[in-house]
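Source file work.txt; content: compact mmCIF, C-alpha atoms and all ligand atoms.
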# COMPACT_ATOMS: atom_id res chain seq x y z
CA MET O 1 -108.96 100.97 -9.94
CA SER O 2 -112.58 102.07 -10.27
CA GLU O 3 -114.44 102.90 -7.12
CA VAL O 4 -117.99 102.33 -5.96
CA ILE O 5 -119.79 105.67 -6.31
CA LEU O 6 -123.32 104.54 -5.48
CA ARG O 7 -124.00 102.08 -2.70
CA ILE O 8 -127.48 100.99 -1.73
CA GLU O 9 -127.39 99.41 1.69
CA ASN O 10 -130.22 97.34 3.17
CA LEU O 11 -132.75 99.72 1.71
CA THR O 12 -136.35 99.06 2.74
CA LYS O 13 -139.50 101.03 2.00
CA SER O 14 -143.15 100.14 2.60
CA PHE O 15 -146.34 101.84 1.52
CA LYS O 16 -149.07 100.98 4.02
CA ASP O 17 -148.13 97.42 5.02
CA ARG O 18 -146.62 96.43 1.71
CA LYS O 19 -142.84 96.27 1.28
CA VAL O 20 -142.08 97.81 -2.09
CA VAL O 21 -138.30 97.87 -1.62
CA ASP O 22 -137.09 95.02 0.55
CA SER O 23 -133.56 94.86 2.05
CA LEU O 24 -132.00 95.95 -1.23
CA ASN O 25 -128.21 96.00 -1.60
CA LEU O 26 -126.46 97.26 -4.75
CA GLU O 27 -123.16 98.74 -5.79
CA VAL O 28 -122.53 100.87 -8.85
CA THR O 29 -118.92 101.35 -9.90
CA GLU O 30 -117.58 104.46 -11.56
CA GLY O 31 -117.71 104.33 -15.34
CA GLU O 32 -120.39 101.66 -15.68
CA VAL O 33 -123.65 101.85 -17.52
CA PHE O 34 -125.68 100.06 -14.87
CA GLY O 35 -128.99 98.49 -15.88
CA PHE O 36 -131.66 98.35 -13.17
CA LEU O 37 -134.08 95.83 -14.58
CA GLY O 38 -137.41 94.67 -13.24
CA PRO O 39 -140.98 93.99 -14.36
CA ASN O 40 -143.71 96.61 -13.87
CA GLY O 41 -144.24 97.31 -10.20
CA ALA O 42 -140.92 95.74 -9.15
CA GLY O 43 -139.92 98.85 -7.20
CA LYS O 44 -137.53 100.55 -9.65
CA SER O 45 -139.00 104.06 -9.50
CA THR O 46 -139.40 103.85 -5.74
CA THR O 47 -135.73 102.87 -5.40
CA ILE O 48 -134.75 105.81 -7.62
CA ARG O 49 -136.84 108.20 -5.52
CA LEU O 50 -135.04 106.86 -2.45
CA ILE O 51 -131.64 107.34 -4.14
CA LEU O 52 -132.56 110.93 -4.95
CA SER O 53 -133.84 111.42 -1.41
CA LEU O 54 -137.29 112.44 -2.68
CA ILE O 55 -138.79 110.02 -0.16
CA LYS O 56 -137.44 108.60 3.10
CA PRO O 57 -136.56 104.92 3.57
CA ASP O 58 -137.98 102.91 6.49
CA SER O 59 -134.47 101.59 7.02
CA GLY O 60 -131.17 101.40 5.20
CA ASP O 61 -129.51 104.20 3.29
CA VAL O 62 -127.83 105.19 0.04
CA LYS O 63 -124.25 106.42 -0.20
CA ILE O 64 -123.33 108.54 -3.20
CA PHE O 65 -119.75 109.74 -3.69
CA GLY O 66 -119.03 108.81 -0.10
CA LYS O 67 -121.97 110.65 1.49
CA TRP O 68 -125.16 109.14 2.94
CA VAL O 69 -128.19 110.76 1.30
CA THR O 70 -130.38 110.74 4.42
CA LYS O 71 -127.81 112.80 6.32
CA HIS O 72 -126.20 114.91 3.59
CA ARG O 73 -128.87 115.24 0.92
CA ASN O 74 -127.43 118.24 -0.93
CA GLY O 75 -123.79 117.24 -0.67
CA SER O 76 -124.41 113.69 -1.85
CA LEU O 77 -126.56 114.77 -4.81
CA GLN O 78 -124.30 117.58 -6.01
CA ASN O 79 -122.79 115.47 -8.78
CA VAL O 80 -125.97 113.64 -9.73
CA GLY O 81 -128.24 114.36 -12.69
CA ALA O 82 -131.60 112.67 -13.06
CA LEU O 83 -134.49 112.22 -15.43
CA ILE O 84 -137.47 110.70 -13.69
CA GLU O 85 -140.98 110.56 -15.10
CA GLU O 86 -141.54 113.35 -17.59
CA ALA O 87 -139.38 116.40 -17.14
CA ALA O 88 -141.16 119.71 -16.49
CA PHE O 89 -140.75 122.58 -18.95
CA TYR O 90 -142.15 125.99 -19.72
CA LYS O 91 -143.81 124.84 -22.94
CA ASN O 92 -144.31 128.35 -24.34
CA LEU O 93 -140.61 129.12 -24.06
CA THR O 94 -137.77 127.84 -26.22
CA ALA O 95 -135.43 125.06 -25.16
CA ARG O 96 -132.62 127.56 -24.77
CA ARG O 97 -134.74 129.81 -22.54
CA ASN O 98 -135.76 126.81 -20.40
CA LEU O 99 -132.09 125.98 -19.87
CA GLN O 100 -131.24 129.64 -19.13
CA ILE O 101 -133.84 129.68 -16.37
CA LEU O 102 -132.14 126.69 -14.75
CA VAL O 103 -128.73 128.36 -15.05
CA ASN O 104 -130.16 131.47 -13.36
CA LEU O 105 -131.37 129.21 -10.54
CA GLY O 106 -127.81 128.09 -10.02
CA GLY O 107 -127.48 124.96 -12.15
CA GLY O 108 -124.55 125.22 -14.54
CA THR O 109 -123.22 128.10 -16.63
CA ASN O 110 -124.42 129.93 -19.75
CA ARG O 111 -121.54 128.46 -21.71
CA ARG O 112 -122.70 124.98 -20.81
CA ILE O 113 -126.11 125.56 -22.47
CA ASP O 114 -124.78 125.19 -26.02
CA GLU O 115 -122.70 122.19 -24.97
CA VAL O 116 -125.67 120.27 -23.59
CA LEU O 117 -127.85 121.22 -26.57
CA GLU O 118 -125.08 119.88 -28.77
CA ILE O 119 -124.83 116.64 -26.76
CA VAL O 120 -128.56 115.90 -27.01
CA ARG O 121 -128.63 117.06 -30.66
CA LEU O 122 -131.17 119.82 -30.16
CA ILE O 123 -128.90 122.71 -31.12
CA ASP O 124 -130.74 123.22 -34.42
CA ARG O 125 -134.10 123.39 -32.68
CA ALA O 126 -132.88 125.29 -29.60
CA ASP O 127 -134.84 128.43 -30.45
CA ASP O 128 -138.13 126.70 -31.09
CA LYS O 129 -140.79 126.63 -28.40
CA VAL O 130 -140.89 123.39 -26.42
CA LYS O 131 -144.60 122.94 -27.27
CA THR O 132 -143.54 122.21 -30.85
CA TYR O 133 -141.27 119.35 -29.71
CA SER O 134 -141.96 115.63 -30.16
CA HIS O 135 -141.97 113.32 -27.14
CA GLY O 136 -138.46 112.13 -28.03
CA MET O 137 -137.16 115.70 -28.25
CA LYS O 138 -138.69 116.50 -24.85
CA GLN O 139 -136.96 113.46 -23.34
CA ARG O 140 -133.65 114.67 -24.78
CA LEU O 141 -134.27 118.18 -23.47
CA GLY O 142 -134.93 116.60 -20.06
CA ILE O 143 -131.54 114.90 -20.29
CA ALA O 144 -129.98 118.23 -21.36
CA GLN O 145 -131.40 119.82 -18.20
CA ALA O 146 -129.97 117.00 -16.11
CA LEU O 147 -126.56 117.47 -17.78
CA LEU O 148 -126.34 121.24 -17.18
CA HIS O 149 -124.39 121.08 -13.92
CA ASN O 150 -121.87 118.53 -15.23
CA PRO O 151 -122.97 115.51 -13.19
CA LYS O 152 -120.70 112.51 -12.73
CA LEU O 153 -123.64 110.16 -12.20
CA MET O 154 -126.76 110.22 -14.39
CA ILE O 155 -129.90 108.46 -13.20
CA LEU O 156 -132.50 107.73 -15.86
CA ASP O 157 -135.87 106.16 -15.02
CA GLU O 158 -137.13 104.38 -18.15
CA PRO O 159 -136.01 107.18 -20.48
CA THR O 160 -137.22 105.39 -23.63
CA SER O 161 -140.74 104.73 -22.41
CA GLY O 162 -143.28 105.85 -25.00
CA LEU O 163 -140.65 106.51 -27.68
CA ASP O 164 -140.73 105.05 -31.19
CA PRO O 165 -137.77 102.95 -32.44
CA HIS O 166 -136.01 106.03 -33.81
CA GLY O 167 -136.42 107.91 -30.51
CA ILE O 168 -135.22 104.84 -28.61
CA LYS O 169 -132.11 104.69 -30.79
CA GLU O 170 -131.38 108.37 -30.14
CA VAL O 171 -131.62 107.91 -26.37
CA ARG O 172 -129.44 104.80 -26.59
CA GLU O 173 -126.79 106.75 -28.49
CA LEU O 174 -127.04 109.54 -25.97
CA ILE O 175 -126.43 107.09 -23.12
CA LYS O 176 -123.36 105.83 -24.96
CA SER O 177 -122.02 109.33 -25.53
CA MET O 178 -122.54 110.25 -21.85
CA SER O 179 -120.69 107.08 -20.89
CA ASP O 180 -117.87 107.89 -23.35
CA ASP O 181 -117.61 111.29 -21.65
CA GLY O 182 -116.94 109.53 -18.34
CA ILE O 183 -120.40 109.82 -16.81
CA THR O 184 -121.61 106.79 -14.86
CA VAL O 185 -125.16 105.94 -15.94
CA PHE O 186 -127.85 104.23 -13.83
CA LEU O 187 -130.63 103.18 -16.20
CA SER O 188 -133.90 101.60 -15.14
CA SER O 189 -135.87 99.50 -17.58
CA HIS O 190 -138.43 96.71 -17.76
CA LEU O 191 -136.97 95.53 -21.07
CA LEU O 192 -134.14 93.03 -20.98
CA HIS O 193 -132.97 93.70 -24.54
CA GLU O 194 -132.62 97.40 -23.77
CA VAL O 195 -130.37 96.61 -20.82
CA GLU O 196 -128.45 94.05 -22.88
CA GLN O 197 -127.78 96.67 -25.54
CA SER O 198 -126.83 99.60 -23.34
CA CYS O 199 -125.43 98.26 -20.09
CA SER O 200 -122.20 96.68 -18.90
CA THR O 201 -123.58 95.62 -15.52
CA MET O 202 -127.08 94.94 -14.34
CA ALA O 203 -129.26 94.00 -11.43
CA ILE O 204 -132.66 92.37 -11.74
CA ILE O 205 -135.20 93.17 -9.05
CA ASN O 206 -138.60 91.65 -8.47
CA GLU O 207 -141.11 92.56 -5.77
CA GLY O 208 -138.57 94.92 -4.24
CA ARG O 209 -135.86 92.29 -3.85
CA LEU O 210 -132.62 91.74 -5.67
CA VAL O 211 -132.85 88.59 -7.79
CA VAL O 212 -129.49 88.57 -9.51
CA SER O 213 -126.73 91.02 -10.41
CA GLY O 214 -123.46 90.99 -12.27
CA LYS O 215 -121.75 91.75 -15.56
CA VAL O 216 -124.25 91.49 -18.40
CA LYS O 217 -122.00 89.21 -20.46
CA ASP O 218 -121.48 86.85 -17.49
CA LEU O 219 -125.19 86.69 -16.71
CA LEU O 220 -125.99 85.87 -20.32
CA LYS O 221 -123.98 82.67 -20.05
CA GLN O 222 -124.69 81.80 -16.42
CA THR O 223 -125.92 78.22 -16.33
CA ASP O 224 -128.17 78.27 -13.27
CA LEU O 225 -130.43 80.72 -15.05
CA PHE O 226 -131.50 77.98 -17.43
CA THR O 227 -135.08 77.38 -18.24
CA THR O 228 -135.99 74.03 -19.69
CA GLU O 229 -138.37 73.24 -22.49
CA ILE O 230 -140.25 69.98 -22.05
CA GLN O 231 -141.94 68.38 -25.04
CA ALA O 232 -144.57 65.97 -23.80
CA GLN O 233 -147.93 64.41 -24.63
CA PRO O 234 -150.68 64.92 -23.65
CA ILE O 235 -149.63 68.44 -22.93
CA GLU O 236 -152.66 69.39 -20.78
CA GLU O 237 -151.99 66.50 -18.41
CA ALA O 238 -148.32 67.40 -18.22
CA VAL O 239 -149.27 70.96 -17.28
CA SER O 240 -151.61 69.82 -14.52
CA VAL O 241 -148.99 67.44 -13.12
CA ILE O 242 -146.31 70.16 -13.13
CA ARG O 243 -148.69 72.60 -11.40
CA GLN O 244 -148.75 70.22 -8.40
CA LEU O 245 -144.96 70.37 -8.01
CA ASP O 246 -143.52 73.11 -5.88
CA PHE O 247 -139.97 72.83 -7.24
CA VAL O 248 -140.96 73.75 -10.80
CA LYS O 249 -142.40 76.97 -12.13
CA ILE O 250 -144.23 77.08 -15.44
CA VAL O 251 -143.03 79.93 -17.65
CA VAL O 252 -144.89 79.45 -20.92
CA VAL O 253 -147.12 76.73 -22.35
CA SER O 254 -147.40 76.19 -26.10
CA GLU O 255 -149.15 73.50 -28.15
CA GLU O 256 -146.52 70.80 -27.80
CA SER O 257 -144.16 72.08 -25.13
CA ILE O 258 -143.93 73.66 -21.71
CA LYS O 259 -141.15 76.00 -20.68
CA VAL O 260 -140.33 75.66 -17.02
CA SER O 261 -137.91 77.15 -14.56
CA VAL O 262 -136.32 74.31 -12.59
CA SER O 263 -132.91 73.77 -11.05
CA LYS O 264 -130.54 71.23 -12.59
CA ASP O 265 -130.77 69.11 -9.43
CA ASP O 266 -134.56 68.88 -9.63
CA LEU O 267 -134.79 68.16 -13.35
CA PRO O 268 -134.46 64.34 -12.95
CA ASN O 269 -137.27 64.37 -10.35
CA LEU O 270 -139.47 66.25 -12.76
CA THR O 271 -139.01 63.72 -15.56
CA THR O 272 -139.53 60.82 -13.16
CA VAL O 273 -142.84 62.24 -11.95
CA LEU O 274 -144.04 62.87 -15.51
CA VAL O 275 -143.16 59.36 -16.65
CA GLU O 276 -144.79 57.81 -13.55
CA LYS O 277 -148.01 59.64 -14.41
CA GLY O 278 -147.97 58.03 -17.85
CA ILE O 279 -146.98 61.14 -19.76
CA LYS O 280 -144.81 60.62 -22.84
CA VAL O 281 -141.79 62.90 -22.61
CA SER O 282 -140.23 63.24 -26.05
CA ALA O 283 -137.58 65.88 -25.38
CA ILE O 284 -136.02 67.99 -22.67
CA VAL O 285 -134.25 71.03 -24.08
CA PRO O 286 -132.22 73.32 -21.84
CA ARG O 287 -132.51 76.98 -22.84
CA SER O 288 -129.87 79.38 -21.63
CA SER O 289 -131.69 82.55 -22.33
CA LEU O 290 -131.79 85.29 -19.76
CA GLU O 291 -134.98 86.42 -21.49
CA ASP O 292 -136.74 83.21 -20.40
CA PHE O 293 -135.43 83.62 -16.90
CA PHE O 294 -136.60 87.22 -16.76
CA LEU O 295 -139.97 86.18 -18.19
CA SER O 296 -140.29 83.59 -15.43
CA LEU O 297 -140.19 86.41 -12.87
CA THR O 298 -143.24 88.01 -14.37
CA VAL O 299 -145.26 84.79 -14.19
CA ARG O 300 -147.65 84.79 -11.28
CA ASP O 301 -147.81 81.64 -9.15
CA ASP O 302 -151.57 81.38 -9.59
CA GLY O 303 -150.84 80.51 -13.21
N1 LIG Y 401 -146.75 106.59 -3.24
C1 LIG Y 401 -147.13 105.32 -3.27
N2 LIG Y 401 -148.12 104.88 -2.48
C2 LIG Y 401 -148.52 103.59 -2.48
N3 LIG Y 401 -147.98 102.64 -3.29
C3 LIG Y 401 -146.99 103.02 -4.12
C4 LIG Y 401 -146.51 104.37 -4.16
N4 LIG Y 401 -145.52 104.43 -5.08
C5 LIG Y 401 -145.40 103.20 -5.57
N5 LIG Y 401 -146.25 102.33 -5.01
C6 LIG Y 401 -146.38 100.89 -5.29
O1 LIG Y 401 -145.12 100.30 -5.17
C7 LIG Y 401 -144.91 99.29 -6.13
C8 LIG Y 401 -143.64 99.57 -6.90
O2 LIG Y 401 -143.84 100.74 -7.67
P1 LIG Y 401 -142.69 101.37 -8.57
O3 LIG Y 401 -143.28 102.56 -9.23
O4 LIG Y 401 -141.49 101.57 -7.73
O5 LIG Y 401 -142.43 100.20 -9.61
P2 LIG Y 401 -141.59 100.21 -10.98
O6 LIG Y 401 -140.65 99.06 -10.89
O7 LIG Y 401 -141.04 101.55 -11.21
O8 LIG Y 401 -142.70 99.85 -12.05
P3 LIG Y 401 -142.90 100.37 -13.57
O9 LIG Y 401 -142.04 99.48 -14.43
O10 LIG Y 401 -144.35 100.12 -13.82
O11 LIG Y 401 -142.53 101.81 -13.64
C9 LIG Y 401 -146.17 99.27 -6.99
O12 LIG Y 401 -146.98 98.23 -6.58
C10 LIG Y 401 -146.81 100.61 -6.71
O13 LIG Y 401 -148.19 100.52 -6.83
MG MG Y 402 -141.29 102.98 -12.69
Can you turn what I pasted into structure tokens?
Amino acid sequence: MSEVILRIENLTKSFKDRKVVDSLNLEVTEGEVFGFLGPNGAGKSTTIRLILSLIKPDSGDVKIFGKWVTKHRNGSLQNVGALIEEAAFYKNLTARRNLQILVNLGGGTNRRIDEVLEIVRLIDRADDKVKTYSHGMKQRLGIAQALLHNPKLMILDEPTSGLDPHGIKEVRELIKSMSDDGITVFLSSHLLHEVEQSCSTMAIINEGRLVVSGKVKDLLKQTDLFTTEIQAQPIEEAVSVIRQLDFVKIVVVSEESIKVSVSKDDLPNLTTVLVEKGIKVSAIVPRSSLEDFFLSLTVRDDG
């Protein structure tokens, strides 16, 4: 029976008067690769800084391996590794020397250095200066640093950001190998397909609030996440009619169709209104893509 190793409870954080994390509740179970998905500015990095106790919440708390981070910062974070933003290195020193410095500061053992270099596939370049490394290699060295003390939970804040497809693939494989080694991974991303590929469970947040969470494969077939494509003429009139309705949200407009987010219960009302306004509705196509649903979150209400 797997246990919950990270619990976010009613977490709230404001900057000035703006709530950036708003009554957030989440559970991460041991062994998962957990995707923390949200559009830019959703509050992912802020949540991660709260988890790592780098900033203080206004209310709520985070429990890691049974300890609340606000009360037992060091104890709770003992088994946690993290890569947030860009990792810091001594660029004129080699990768191996960078890792040795961390070992000397008390993180891990000398024997572990070769192991982590092996895991992130930098062993062949370990004695080159970090300033000669590509962005992808630096990200992997950052993960090597985070792995030094044998963490049981790895927190990665958008680790593939700025990487080319090859670098993205390497990080994805690294996440898989960490998971195969029994490390629970908490991965933030603003890309649904990345989460679909790497994660077993995910939570979507928007404007600091939890929108939906669950097993990735269940969410992909969940029916109330449908968006609906409406083919209608004239399209401009259909758009302006739909804009007046508060139970429908326009996701995307193309030349002959409009993708909307609308509940199944409200769909008949929508077609009735369109027909009453003299608009010719030629097709209504339900689309069960989580991508459309996620896209709908990034659409601003002001259209
Ligand atoms: N120190 C701060 N002071 C004021 N506002 C902040 C601070 N840190 C973050 N914010 C604001 O909080 C909101 C959420 O930011 P956050 O970095 O958590 O989002 P994110 O989901 O990580 O976005 P991205 O995908 O762009 O990395 C943003 O509107 C941001 O401007
Ligand atoms: Mg961020």
Please report, as JSON lines, each residue of chain O lying at most 10 Å from ligand MG 402 (chain Y), together with the nearest pair of atoms and the separation in Å rounded to one decimal; use all atoms listed in the file, and order rows by chain and ascending residue number.
{"residue": "O:Gly38", "atom": "CA", "partner": "Y:MG402", "partner_atom": "MG", "distance": 9.2}
{"residue": "O:Pro39", "atom": "CA", "partner": "Y:MG402", "partner_atom": "MG", "distance": 9.1}
{"residue": "O:Asn40", "atom": "CA", "partner": "Y:MG402", "partner_atom": "MG", "distance": 6.9}
{"residue": "O:Gly41", "atom": "CA", "partner": "Y:MG402", "partner_atom": "MG", "distance": 6.9}
{"residue": "O:Ala42", "atom": "CA", "partner": "Y:MG402", "partner_atom": "MG", "distance": 8.1}
{"residue": "O:Gly43", "atom": "CA", "partner": "Y:MG402", "partner_atom": "MG", "distance": 7.0}
{"residue": "O:Lys44", "atom": "CA", "partner": "Y:MG402", "partner_atom": "MG", "distance": 5.4}
{"residue": "O:Ser45", "atom": "CA", "partner": "Y:MG402", "partner_atom": "MG", "distance": 4.1}
{"residue": "O:Thr46", "atom": "CA", "partner": "Y:MG402", "partner_atom": "MG", "distance": 7.3}
{"residue": "O:Thr47", "atom": "CA", "partner": "Y:MG402", "partner_atom": "MG", "distance": 9.2}
{"residue": "O:Ile48", "atom": "CA", "partner": "Y:MG402", "partner_atom": "MG", "distance": 8.7}
{"residue": "O:Arg49", "atom": "CA", "partner": "Y:MG402", "partner_atom": "MG", "distance": 9.9}
{"residue": "O:Ile84", "atom": "CA", "partner": "Y:MG402", "partner_atom": "MG", "distance": 8.7}
{"residue": "O:Glu85", "atom": "CA", "partner": "Y:MG402", "partner_atom": "MG", "distance": 8.0}
{"residue": "O:Asp157", "atom": "CA", "partner": "Y:MG402", "partner_atom": "MG", "distance": 6.7}
{"residue": "O:Glu158", "atom": "CA", "partner": "Y:MG402", "partner_atom": "MG", "distance": 7.0}
{"residue": "O:Ser161", "atom": "CA", "partner": "Y:MG402", "partner_atom": "MG", "distance": 9.9}
{"residue": "O:Ser188", "atom": "CA", "partner": "Y:MG402", "partner_atom": "MG", "distance": 7.9}
{"residue": "O:Ser189", "atom": "CA", "partner": "Y:MG402", "partner_atom": "MG", "distance": 8.1}
{"residue": "O:His190", "atom": "CA", "partner": "Y:MG402", "partner_atom": "MG", "distance": 8.6}
Now that the selection is made, can you save its residues with C-alpha atoms as a JSON list (two decimals), in the coordinates of the input?
[["chain", "number", "residue", "atom", "x", "y", "z"],
["O", 38, "GLY", "CA", -137.41, 94.67, -13.24],
["O", 39, "PRO", "CA", -140.98, 93.99, -14.36],
["O", 40, "ASN", "CA", -143.71, 96.61, -13.87],
["O", 41, "GLY", "CA", -144.24, 97.31, -10.20],
["O", 42, "ALA", "CA", -140.92, 95.74, -9.15],
["O", 43, "GLY", "CA", -139.92, 98.85, -7.20],
["O", 44, "LYS", "CA", -137.53, 100.55, -9.65],
["O", 45, "SER", "CA", -139.00, 104.06, -9.50],
["O", 46, "THR", "CA", -139.40, 103.85, -5.74],
["O", 47, "THR", "CA", -135.73, 102.87, -5.40],
["O", 48, "ILE", "CA", -134.75, 105.81, -7.62],
["O", 49, "ARG", "CA", -136.84, 108.20, -5.52],
["O", 84, "ILE", "CA", -137.47, 110.70, -13.69],
["O", 85, "GLU", "CA", -140.98, 110.56, -15.10],
["O", 157, "ASP", "CA", -135.87, 106.16, -15.02],
["O", 158, "GLU", "CA", -137.13, 104.38, -18.15],
["O", 161, "SER", "CA", -140.74, 104.73, -22.41],
["O", 188, "SER", "CA", -133.90, 101.60, -15.14],
["O", 189, "SER", "CA", -135.87, 99.50, -17.58],
["O", 190, "HIS", "CA", -138.43, 96.71, -17.76]]
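Omitting stretch 63-76 of chain O and its sequence neighbours fewer than 2 positions away, and counting all atoms listed in the file, the residues within 8 Å are O:Val4, O:Ile5, O:Leu6, O:Arg7, O:Ile8, O:Glu9, O:Ile51, O:Leu52, O:Ser53, O:Lys56, O:Asp61, O:Gln78, O:Asn79.
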Worksheet entry | Close residues, stretch 179-181 of chain O itself excluded, 7 Å, all atoms listed in the file, min 3 positions apart in chain, as an MDAnalysis selection string | chainID O and resid 31 33 175:176 184:185
Item to complete: For atom CA of O:Thr271 and atom CA of O:Val241, determine how far apart the two atoms are, in Å to one decimal place.
Response: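 For atom CA of O:Thr271 relative to atom CA of O:Val241, the distance reads 10.9 Å.
Among the candidates O:Ala144, O:Leu297, O:Ala232, O:Ile205, the one nearest to O:Val285 when counting all atoms listed in the file is O:Ala232.
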Worksheet item: Of the candidates O:Asn92, O:Thr12, O:Leu83, O:Val262, which shows the shortest atom-to-atom distance to O:Ile55, using all atoms listed in the file?
Response: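 When distances to O:Ile55 are compared using all atoms listed in the file, the smallest one comes from O:Thr12.
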Worksheet item: For ligand LIG 401 (chain Y), which residue out of O:Leu187, O:Ala146, O:Met154, O:Val62 is the nearest one, using all atoms listed in the file?
Response: O:Leu187
Specify the axis-aligned box that encloses all atoms of stretch 153-172 of chain O listed in the file after padding of 8 Å on each side, stating its centre and edge lengths in Å to one decimal as AutoDock Vina command-line options.
--center_x -133.5 --center_y 106.6 --center_z -23.0 --size_x 35.6 --size_y 23.3 --size_z 37.6
Worksheet entry | For O:Val171: contacts at 10 Å, only C-alpha atoms, fewer than 4 positions along chain excluded, given as number ranges by chain | O: 120, 136-137, 139-140, 143, 159-160, 163, 165-167, 175-177
Practice prompt. Grab the atom CA of O:Glu256 to atom CA of O:Ala238 distance for me, in Å with one decimal place.
Written response: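 We find that atom CA of O:Glu256 and atom CA of O:Ala238 lie 10.3 Å from each other.
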Practice prompt. Can you work out which one of O:Leu153, O:Leu191, O:Leu148, O:Ala95 has the shortest atom-to-atom distance to ligand LIG 401 (chain Y), counting all atoms listed in the file?
Written response: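 Closest to ligand LIG 401 (chain Y) of all the choices is O:Leu191.
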Worksheet entry | Among listed residues O:Glu118, O:Asp292, O:Glu255, O:Glu32, nearest O:Ile155 (using all atoms listed in the file) | O:Glu32
Worksheet entry | Distance criterion (all atoms listed in the file): nearest to O:Gly214 out of O:Arg243, O:Leu26, O:Asp124, O:Thr228 | O:Leu26
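You will find atom CA of O:Val260 at 19.1 Å from atom CA of O:Ile204.
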Discussion item. With only C-alpha atoms as the counted atoms, please give the residues lying no more than 7 Å from O:Asn10, apart from itself and same-chain residues fewer than 6 positions off, as a ChimeraX atom specification.
Written reply: /O:23-25,60-61
List as a PDB file with C-alpha atoms, keeping the file's coordinate frame the protein and nucleic acid residues near stretch 128-134 of chain O, meaning an atom at most 8 Å away when all atoms listed in the file are counted, but skip any in the same chain fewer than 3 places from it.
ATOM      1  CA  PHE O  89    -140.750 122.580 -18.950  1.00  0.00           C
ATOM      2  CA  TYR O  90    -142.150 125.990 -19.720  1.00  0.00           C
ATOM      3  CA  LYS O  91    -143.810 124.840 -22.940  1.00  0.00           C
ATOM      4  CA  ASN O  92    -144.310 128.350 -24.340  1.00  0.00           C
ATOM      5  CA  LEU O  93    -140.610 129.120 -24.060  1.00  0.00           C
ATOM      6  CA  THR O  94    -137.770 127.840 -26.220  1.00  0.00           C
ATOM      7  CA  ALA O  95    -135.430 125.060 -25.160  1.00  0.00           C
ATOM      8  CA  ARG O 125    -134.100 123.390 -32.680  1.00  0.00           C
ATOM      9  CA  MET O 137    -137.160 115.700 -28.250  1.00  0.00           C
ATOM     10  CA  LYS O 138    -138.690 116.500 -24.850  1.00  0.00           C
TER      11      LYS O 138
END
Take the point (-128.1, 100.0, -14.9) as written in the file and pick out every residue within 6 Å of it, counting all atoms listed in the file; give the list as a PDB file with C-alpha atoms, in the coordinates of the input.
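Wrote it out as selection-v4.pdb, contents follow:
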ATOM      1  CA  VAL O  33    -123.650 101.850 -17.520  1.00  0.00           C
ATOM      2  CA  PHE O  34    -125.680 100.060 -14.870  1.00  0.00           C
ATOM      3  CA  GLY O  35    -128.990  98.490 -15.880  1.00  0.00           C
ATOM      4  CA  PHE O  36    -131.660  98.350 -13.170  1.00  0.00           C
ATOM      5  CA  PHE O 186    -127.850 104.230 -13.830  1.00  0.00           C
ATOM      6  CA  LEU O 187    -130.630 103.180 -16.200  1.00  0.00           C
ATOM      7  CA  MET O 202    -127.080  94.940 -14.340  1.00  0.00           C
TER       8      MET O 202
END
